[in-house]
>>> print(open('work-v4.cif').read())   # mmCIF, C-alpha atoms
data_input
loop_
_atom_site.label_atom_id
_atom_site.label_comp_id
_atom_site.auth_asym_id
_atom_site.auth_seq_id
_atom_site.Cartn_x
_atom_site.Cartn_y
_atom_site.Cartn_z
CA MET A 8 16.82 -33.34 -26.45
CA SER A 9 13.72 -31.90 -24.85
CA LEU A 10 15.08 -28.38 -25.43
CA ILE A 11 15.76 -29.10 -29.10
CA ARG A 12 12.33 -30.68 -29.50
CA SER A 13 10.64 -27.69 -27.84
CA ILE A 14 12.43 -25.35 -30.26
CA PHE A 15 11.26 -27.27 -33.31
CA ILE A 16 7.64 -27.48 -32.13
CA HIS A 17 7.64 -23.80 -31.11
CA PRO A 18 4.63 -22.09 -32.75
CA VAL A 19 6.74 -19.22 -34.06
CA VAL A 20 9.31 -21.59 -35.56
CA LYS A 21 6.56 -23.59 -37.25
CA SER A 22 4.98 -20.39 -38.51
CA MET A 23 8.29 -19.29 -40.00
CA GLY A 24 8.59 -22.71 -41.62
CA PHE A 25 5.26 -22.18 -43.38
CA TRP A 26 6.33 -18.68 -44.40
CA SER A 27 9.56 -20.06 -45.84
CA VAL A 28 7.63 -22.61 -47.86
CA ALA A 29 5.26 -19.88 -49.08
CA MET A 30 8.21 -17.72 -50.17
CA LEU A 31 9.79 -20.64 -52.00
CA MET A 32 6.48 -21.30 -53.75
CA LEU A 33 6.27 -17.64 -54.84
CA LEU A 34 9.83 -17.81 -56.16
CA GLY A 35 8.92 -21.01 -57.97
CA VAL A 36 5.87 -19.36 -59.58
CA TRP A 37 8.05 -16.40 -60.55
CA GLN A 38 10.60 -18.72 -62.18
CA ALA A 39 7.86 -20.72 -63.92
CA VAL A 40 6.23 -17.59 -65.40
CA VAL A 41 9.57 -16.36 -66.74
CA SER A 42 10.47 -19.76 -68.20
CA VAL A 43 7.10 -20.79 -69.63
CA PHE A 44 6.21 -17.46 -71.22
CA HIS A 45 9.81 -16.61 -72.21
CA VAL A 46 9.62 -13.18 -70.61
CA PRO A 47 12.60 -11.03 -71.61
CA ALA A 48 15.13 -10.49 -68.82
CA PHE A 49 14.88 -6.70 -69.16
CA VAL A 50 11.16 -6.95 -68.30
CA ILE A 51 11.17 -9.62 -65.56
CA PRO A 52 14.48 -11.31 -64.73
CA SER A 53 14.39 -14.77 -63.22
CA PRO A 54 14.68 -15.09 -59.44
CA ILE A 55 17.90 -17.06 -59.93
CA ALA A 56 19.46 -14.19 -61.89
CA THR A 57 18.17 -11.66 -59.37
CA ILE A 58 19.56 -13.48 -56.35
CA SER A 59 22.84 -14.17 -58.13
CA ALA A 60 23.23 -10.46 -58.88
CA LEU A 61 22.70 -9.66 -55.21
CA PHE A 62 25.50 -12.02 -54.20
CA GLN A 63 27.79 -10.68 -56.92
CA ASN A 64 27.36 -7.16 -55.51
CA GLU A 65 27.38 -8.33 -51.89
CA VAL A 66 29.63 -5.58 -50.52
CA MET A 67 27.57 -2.74 -51.99
CA ILE A 68 24.23 -4.40 -51.22
CA ARG A 69 25.26 -5.01 -47.61
CA GLY A 70 25.82 -1.29 -47.07
CA LEU A 71 22.53 -0.36 -48.73
CA LEU A 72 20.65 -2.98 -46.73
CA TRP A 73 22.16 -1.81 -43.44
CA GLN A 74 21.26 1.82 -44.18
CA THR A 75 17.60 0.97 -44.88
CA LEU A 76 17.44 -1.39 -41.90
CA LYS A 77 18.81 1.33 -39.62
CA GLU A 78 16.23 3.84 -40.83
CA THR A 79 13.40 1.34 -40.55
CA LEU A 80 14.29 0.17 -37.04
CA ALA A 81 14.96 3.64 -35.61
CA GLY A 82 11.78 5.12 -37.08
CA TYR A 83 9.75 2.12 -35.98
CA LEU A 84 10.94 2.38 -32.39
CA VAL A 85 10.16 6.10 -32.30
CA GLY A 86 6.70 5.60 -33.83
CA ALA A 87 5.84 2.70 -31.52
CA ALA A 88 6.96 4.63 -28.44
CA VAL A 89 4.95 7.71 -29.45
CA GLY A 90 1.90 5.54 -30.18
CA VAL A 91 2.02 3.79 -26.80
CA LEU A 92 2.56 7.06 -24.93
CA LEU A 93 -0.32 8.79 -26.73
CA ALA A 94 -2.64 5.84 -26.11
CA VAL A 95 -1.88 5.83 -22.38
CA VAL A 96 -2.30 9.60 -22.03
CA MET A 97 -5.52 9.67 -24.06
CA SER A 98 -7.00 6.76 -22.11
CA GLN A 99 -6.18 8.40 -18.76
CA LEU A 100 -7.45 11.82 -19.88
CA PRO A 101 -10.66 11.17 -21.87
CA CYS A 102 -11.29 14.87 -22.56
CA LEU A 103 -7.83 15.24 -24.09
CA GLY A 104 -8.38 12.01 -26.00
CA ARG A 105 -11.57 13.30 -27.60
CA LEU A 106 -9.70 16.39 -28.75
CA LEU A 107 -6.63 14.59 -30.06
CA TYR A 108 -8.31 11.67 -31.80
CA PRO A 109 -9.74 13.72 -34.74
CA ALA A 110 -6.32 15.33 -35.17
CA LEU A 111 -4.69 11.88 -35.34
CA VAL A 112 -7.17 10.71 -37.96
CA THR A 113 -6.61 13.90 -39.96
CA SER A 114 -2.85 13.34 -39.84
CA GLN A 115 -3.29 10.01 -41.59
CA ALA A 116 -5.41 11.58 -44.32
CA ILE A 117 -2.37 13.58 -45.45
CA PRO A 118 -0.48 11.63 -48.15
CA ILE A 119 2.82 10.51 -46.73
CA VAL A 120 4.63 11.75 -49.85
CA GLY A 121 3.03 15.16 -49.27
CA ILE A 122 4.64 15.66 -45.86
CA ALA A 123 8.07 14.57 -47.05
CA ALA A 124 8.82 17.84 -48.88
CA PRO A 125 8.02 20.11 -45.90
CA LEU A 126 10.11 17.87 -43.66
CA VAL A 127 13.10 18.33 -45.95
CA ILE A 128 12.59 22.11 -45.89
CA ILE A 129 12.40 22.12 -42.08
CA PHE A 130 15.05 19.52 -41.16
CA GLY A 131 17.15 19.31 -44.31
CA PHE A 132 18.54 16.15 -45.88
CA GLY A 133 19.57 13.52 -43.39
CA MET A 134 18.26 11.00 -40.91
CA THR A 135 15.65 13.14 -39.14
CA PRO A 136 13.07 13.45 -41.97
CA LYS A 137 13.27 9.70 -42.64
CA LEU A 138 12.72 8.86 -38.98
CA ILE A 139 9.69 11.15 -38.85
CA ILE A 140 8.20 9.60 -42.00
CA VAL A 141 8.60 6.05 -40.67
CA ALA A 142 7.26 7.06 -37.24
CA TRP A 143 4.33 8.83 -38.94
CA ILE A 144 3.29 5.56 -40.57
CA VAL A 145 3.87 3.40 -37.50
CA PHE A 146 2.34 5.35 -34.62
CA PHE A 147 -1.28 5.48 -35.82
CA PRO A 148 -2.11 1.73 -35.84
CA VAL A 149 -0.30 1.41 -32.50
CA VAL A 150 -2.23 4.18 -30.77
CA VAL A 151 -5.61 3.13 -32.20
CA ASN A 152 -5.23 -0.56 -31.32
CA MET A 153 -3.88 0.12 -27.83
CA MET A 154 -6.66 2.62 -27.09
CA ASP A 155 -9.18 0.02 -28.19
CA GLY A 156 -7.61 -2.50 -25.83
CA LEU A 157 -7.55 -0.07 -22.92
CA ALA A 158 -11.19 0.83 -23.52
CA HIS A 159 -12.40 -2.79 -23.24
CA ILE A 160 -10.78 -3.84 -19.97
CA ASP A 161 -13.00 -5.65 -17.47
CA ARG A 162 -14.21 -2.96 -15.08
CA ASP A 163 -14.73 -5.50 -12.32
CA GLN A 164 -10.98 -6.16 -12.21
CA ILE A 165 -10.26 -2.44 -11.98
CA ASN A 166 -12.81 -1.98 -9.20
CA LEU A 167 -11.44 -4.98 -7.30
CA ALA A 168 -7.89 -3.61 -7.55
CA ARG A 169 -9.02 -0.25 -6.22
CA LEU A 170 -10.91 -1.95 -3.42
CA LEU A 171 -7.74 -3.79 -2.42
CA GLY A 172 -5.82 -0.51 -2.34
CA ALA A 173 -3.81 -0.78 -5.58
CA THR A 174 -2.33 2.46 -6.85
CA ARG A 175 -3.03 3.70 -10.37
CA LEU A 176 0.48 2.71 -11.43
CA ARG A 177 0.16 -0.84 -10.13
CA THR A 178 -3.31 -1.13 -11.63
CA PHE A 179 -1.91 -0.09 -14.99
CA LEU A 180 1.10 -2.43 -14.82
CA TYR A 181 -0.72 -5.52 -13.55
CA ILE A 182 -4.21 -5.18 -15.08
CA ARG A 183 -4.48 -2.61 -17.86
CA LEU A 184 -1.20 -3.31 -19.66
CA PRO A 185 -1.49 -7.14 -19.77
CA ALA A 186 -5.12 -6.85 -20.86
CA CYS A 187 -4.26 -4.67 -23.87
CA LEU A 188 -1.17 -6.58 -25.03
CA GLY A 189 -3.15 -8.39 -27.73
CA PRO A 190 -4.45 -5.23 -29.44
CA LEU A 191 -1.08 -3.56 -28.89
CA PHE A 192 0.80 -6.30 -30.73
CA SER A 193 -1.76 -6.17 -33.52
CA GLY A 194 -0.89 -2.52 -34.02
CA LEU A 195 2.82 -3.19 -33.72
CA LYS A 196 2.66 -5.92 -36.38
CA ILE A 197 0.73 -3.65 -38.75
CA GLY A 198 3.32 -0.93 -38.20
CA ALA A 199 6.18 -3.38 -38.77
CA SER A 200 4.72 -4.36 -42.13
CA TYR A 201 4.65 -0.75 -43.36
CA ALA A 202 7.76 0.66 -41.67
CA VAL A 203 10.06 -0.23 -44.56
CA THR A 204 7.69 1.63 -46.91
CA GLY A 205 8.23 4.78 -44.89
CA ALA A 206 12.00 4.28 -44.97
CA VAL A 207 11.98 3.92 -48.75
CA ILE A 208 9.79 7.01 -49.22
CA GLY A 209 12.14 8.90 -46.93
CA GLU A 210 15.12 7.84 -49.02
CA TRP A 211 13.40 8.97 -52.19
CA THR A 212 12.72 12.45 -50.84
CA ALA A 213 15.17 13.23 -48.05
CA SER A 214 18.19 10.98 -48.39
CA SER A 215 21.79 12.10 -48.15
CA LYS A 216 23.01 8.47 -48.10
CA MET A 217 22.36 5.60 -50.44
CA GLY A 218 19.88 2.95 -49.30
CA LEU A 219 17.72 0.36 -51.00
CA GLY A 220 15.19 3.05 -51.97
CA THR A 221 17.72 5.27 -53.72
CA TYR A 222 19.36 2.21 -55.27
CA LEU A 223 15.96 1.19 -56.65
CA LEU A 224 15.51 4.60 -58.30
CA ALA A 225 19.03 4.51 -59.75
CA ALA A 226 18.57 0.97 -61.08
CA ASN A 227 15.22 1.92 -62.62
CA ALA A 228 16.75 4.96 -64.36
CA GLN A 229 19.49 2.73 -65.79
CA MET A 230 16.96 0.07 -66.92
CA ASN A 231 18.73 -2.35 -64.59
CA SER A 232 15.80 -4.72 -64.06
CA VAL A 233 17.89 -7.18 -62.02
CA GLY A 234 18.77 -4.39 -59.59
CA VAL A 235 15.14 -3.22 -59.38
CA TYR A 236 13.79 -6.68 -58.57
CA GLY A 237 16.67 -7.38 -56.21
CA ALA A 238 15.94 -4.23 -54.21
CA MET A 239 12.24 -5.13 -54.11
CA LEU A 240 13.09 -8.62 -52.86
CA LEU A 241 15.28 -7.27 -50.06
CA MET A 242 12.61 -4.76 -49.01
CA THR A 243 10.10 -7.59 -48.85
CA LEU A 244 12.45 -9.62 -46.67
CA ILE A 245 12.85 -6.66 -44.30
CA GLY A 246 9.08 -6.41 -43.91
CA ILE A 247 8.66 -10.15 -43.36
CA GLY A 248 11.57 -10.27 -40.92
CA SER A 249 10.15 -7.37 -38.92
CA PHE A 250 6.77 -9.08 -38.70
CA ALA A 251 8.41 -12.34 -37.62
CA MET A 252 10.35 -10.59 -34.85
CA LEU A 253 7.08 -9.14 -33.55
CA LEU A 254 5.54 -12.62 -33.59
CA LEU A 255 8.39 -13.92 -31.45
CA LEU A 256 8.18 -10.96 -29.09
CA GLU A 257 4.43 -11.46 -28.82
CA TYR A 258 4.93 -15.09 -27.86
CA VAL A 259 7.45 -14.11 -25.18
CA ALA A 260 5.21 -11.37 -23.80
CA MET A 261 2.00 -13.45 -23.85
CA PRO A 262 2.93 -17.12 -23.47
CA TRP A 263 -0.41 -17.89 -21.80
CA ARG A 264 -2.33 -16.86 -24.92
CA HIS A 265 -0.40 -19.11 -27.29
CA ARG A 266 -0.28 -22.07 -24.95
CA ALA A 267 -4.02 -21.96 -24.50
CA THR A 268 -5.07 -21.35 -28.09
CA SER A 269 -2.10 -22.35 -30.24
CA PRO A 270 -3.34 -23.98 -33.46
CA TRP A 271 -0.19 -26.13 -33.54
CA ARG A 272 -1.17 -28.15 -30.48
CA ARG A 273 -3.44 -31.10 -31.07
CA ALA A 274 -6.27 -31.86 -28.74
CA PRO A 275 -5.63 -34.90 -26.55
CA HIS A 276 -7.28 -38.14 -27.59
CA LEU A 277 -10.19 -39.02 -25.35
#
>>> encode(input="work-v4.cif", output="structure tokens")
Amino acid sequence: MSLIRSIFIHPVVKSMGFWSVAMLMLLGVWQAVVSVFHVPAFVIPSPIATISALFQNEVMIRGLLWQTLKETLAGYLVGAAVGVLLAVVMSQLPCLGRLLYPALVTSQAIPIVGIAAPLVIIFGFGMTPKLIIVAWIVFFPVVVNMMDGLAHIDRDQINLARLLGATRLRTFLYIRLPACLGPLFSGLKIGASYAVTGAVIGEWTASSKMGLGTYLLAANAQMNSVGVYGAMLLMTLIGIGSFAMLLLLEYVAMPWRHRATSPWRRAPHL
């Protein structure tokens, strides 16, 4: 019983409960707008019709959803790994960091749609351009947030570790890395929110297989409004699900932070 109770009062579970209620409210507003203003179905279909169409085409939608999920996850992992590695290298080599940082900022000034065409020319149609596009979107918030965390570590702890004979690796693993987990997860959550956008852009420009992005374009060309809104709804769920997974991972990696400051715990009565 105590295990079940701990699951239901878990901060992440409660947070997901609020998100579920918020999503239901948005669907309710969507249904109310369509019903009250008698919006034609070819302009805005009702959420009931949209969700029903998704279930009616379950086999096809499942394949499209898996393809976009695979692209999003693979590109996200690559982008997050590159961001963490760059942040560590730039923090350990300040001179290199000062040279690379302007280049990183410049890379984000390039419209993501603009780099898609050269990637197709270089790598052809397939998985590689889509992974690069997703990673391109993800790595920047990760590297910036982690660098910010590494730059604001208590120097007294570092000096004490050196005084006690800790190696640079142990200092990084036991002091620097735990101290920058908060900023790191902030960057990871930002990247998770936008990763599916990169996957969809990649499908629009460099896809050899059908995914939700290409299905959205095809449905739009056919004036299939139910298909368009259904694809948008599934993309939204991918983004929300990715963010929720990062919340859970953050709780596991930093339990001390949530236990100390969790808004779900009431202060004891004095």
>>> resolve_selection(input="work-v4.cif", expression="the PyMOL selection byres ((chain A and resi 199-207) around 6)", output="JSON, numbers by chain")
{"A": [78, 79, 140, 141, 196, 197, 198, 208, 209, 210, 220, 246, 249, 250]}
>>> closest_residue(input="work-v4.cif", among="A:Thr212, A:Gln164, A:Thr57, A:Gln63", to="Met134 (chain A)", atoms="all atoms listed in the file")
A:Thr212
>>> axis_aligned_box(input="work-v4.cif", around="region 215-233 of chain A", padding_each_side="6 Å", output="JSON")
{"center_x": 19.1, "center_y": 2.5, "center_z": -57.5, "size_x": 19.8, "size_y": 31.3, "size_z": 30.8}
>>> closest_residue(input="work-v4.cif", among="A:Thr178, A:Ile139, A:Ile122, A:Pro109", to="Val151 (chain A)", atoms="all atoms listed in the file")
A:Pro109
>>> resolve_selection(input="work-v4.cif", expression="the PyMOL selection byres ((chain A and resi 85) around 9)", output="JSON, numbers by chain")
{"A": [80, 81, 82, 83, 84, 86, 87, 88, 89, 90, 138, 139, 141, 142, 145, 146]}
>>> residues_near_point(input="work-v4.cif", point="(8.0, -10.2, -34.4)", cutoff="12 Å", atoms="all atoms listed in the file", output="CSV table (one decimal) with C-alpha atoms, keeping the file's coordinate frame")
chain,number,residue,atom,x,y,z
A,19,VAL,CA,6.7,-19.2,-34.1
A,20,VAL,CA,9.3,-21.6,-35.6
A,22,SER,CA,5.0,-20.4,-38.5
A,23,MET,CA,8.3,-19.3,-40.0
A,192,PHE,CA,0.8,-6.3,-30.7
A,193,SER,CA,-1.8,-6.2,-33.5
A,194,GLY,CA,-0.9,-2.5,-34.0
A,195,LEU,CA,2.8,-3.2,-33.7
A,196,LYS,CA,2.7,-5.9,-36.4
A,197,ILE,CA,0.7,-3.6,-38.8
A,198,GLY,CA,3.3,-0.9,-38.2
A,199,ALA,CA,6.2,-3.4,-38.8
A,200,SER,CA,4.7,-4.4,-42.1
A,245,ILE,CA,12.8,-6.7,-44.3
A,246,GLY,CA,9.1,-6.4,-43.9
A,247,ILE,CA,8.7,-10.2,-43.4
A,248,GLY,CA,11.6,-10.3,-40.9
A,249,SER,CA,10.2,-7.4,-38.9
A,250,PHE,CA,6.8,-9.1,-38.7
A,251,ALA,CA,8.4,-12.3,-37.6
A,252,MET,CA,10.4,-10.6,-34.8
A,253,LEU,CA,7.1,-9.1,-33.6
A,254,LEU,CA,5.5,-12.6,-33.6
A,255,LEU,CA,8.4,-13.9,-31.4
A,256,LEU,CA,8.2,-11.0,-29.1
A,257,GLU,CA,4.4,-11.5,-28.8
A,258,TYR,CA,4.9,-15.1,-27.9
A,259,VAL,CA,7.4,-14.1,-25.2
A,260,ALA,CA,5.2,-11.4,-23.8
>>> resolve_selection(input="work-v4.cif", expression="the PyMOL selection byres ((chain A and resi 93) around 12)", output="JSON, numbers by chain")
{"A": [86, 87, 88, 89, 90, 91, 92, 94, 95, 96, 97, 98, 99, 100, 101, 103, 104, 107, 108, 111, 146, 147, 148, 149, 150, 151, 152, 153, 154]}
>>> atom_distance(input="work-v4.cif", atom1="CA of Arg183 (chain A)", atom2="CA of Trp263 (chain A)")
16.3 Å
>>> atom_distance(input="work-v4.cif", atom1="CA of Trp26 (chain A)", atom2="CA of Glu65 (chain A)")
24.6 Å
>>> closest_residue(input="work-v4.cif", among="A:Asn64, A:Thr243, A:Asn231, A:Ser214", to="Val50 (chain A)", atoms="only C-alpha atoms")
A:Asn231
>>> atom_distance(input="work-v4.cif", atom1="CA of Ile128 (chain A)", atom2="CA of Ala238 (chain A)")
27.8 Å
>>> closest_residue(input="work-v4.cif", among="A:Ala226, A:Met242, A:Ile182, A:Val127", to="Gln74 (chain A)", atoms="all atoms listed in the file")
A:Met242
>>> residues_near_point(input="work-v4.cif", point="(14.5, -3.0, -67.5)", cutoff="12 Å", atoms="only C-alpha atoms", output="list in words")
Val46, Pro47, Ala48, Phe49, Val50, Ile51, Pro52, Leu223, Leu224, Ala225, Ala226, Asn227, Ala228, Gln229, Met230, Asn231, Ser232, Val233, Gly234, Val235 and Tyr236 of chain A
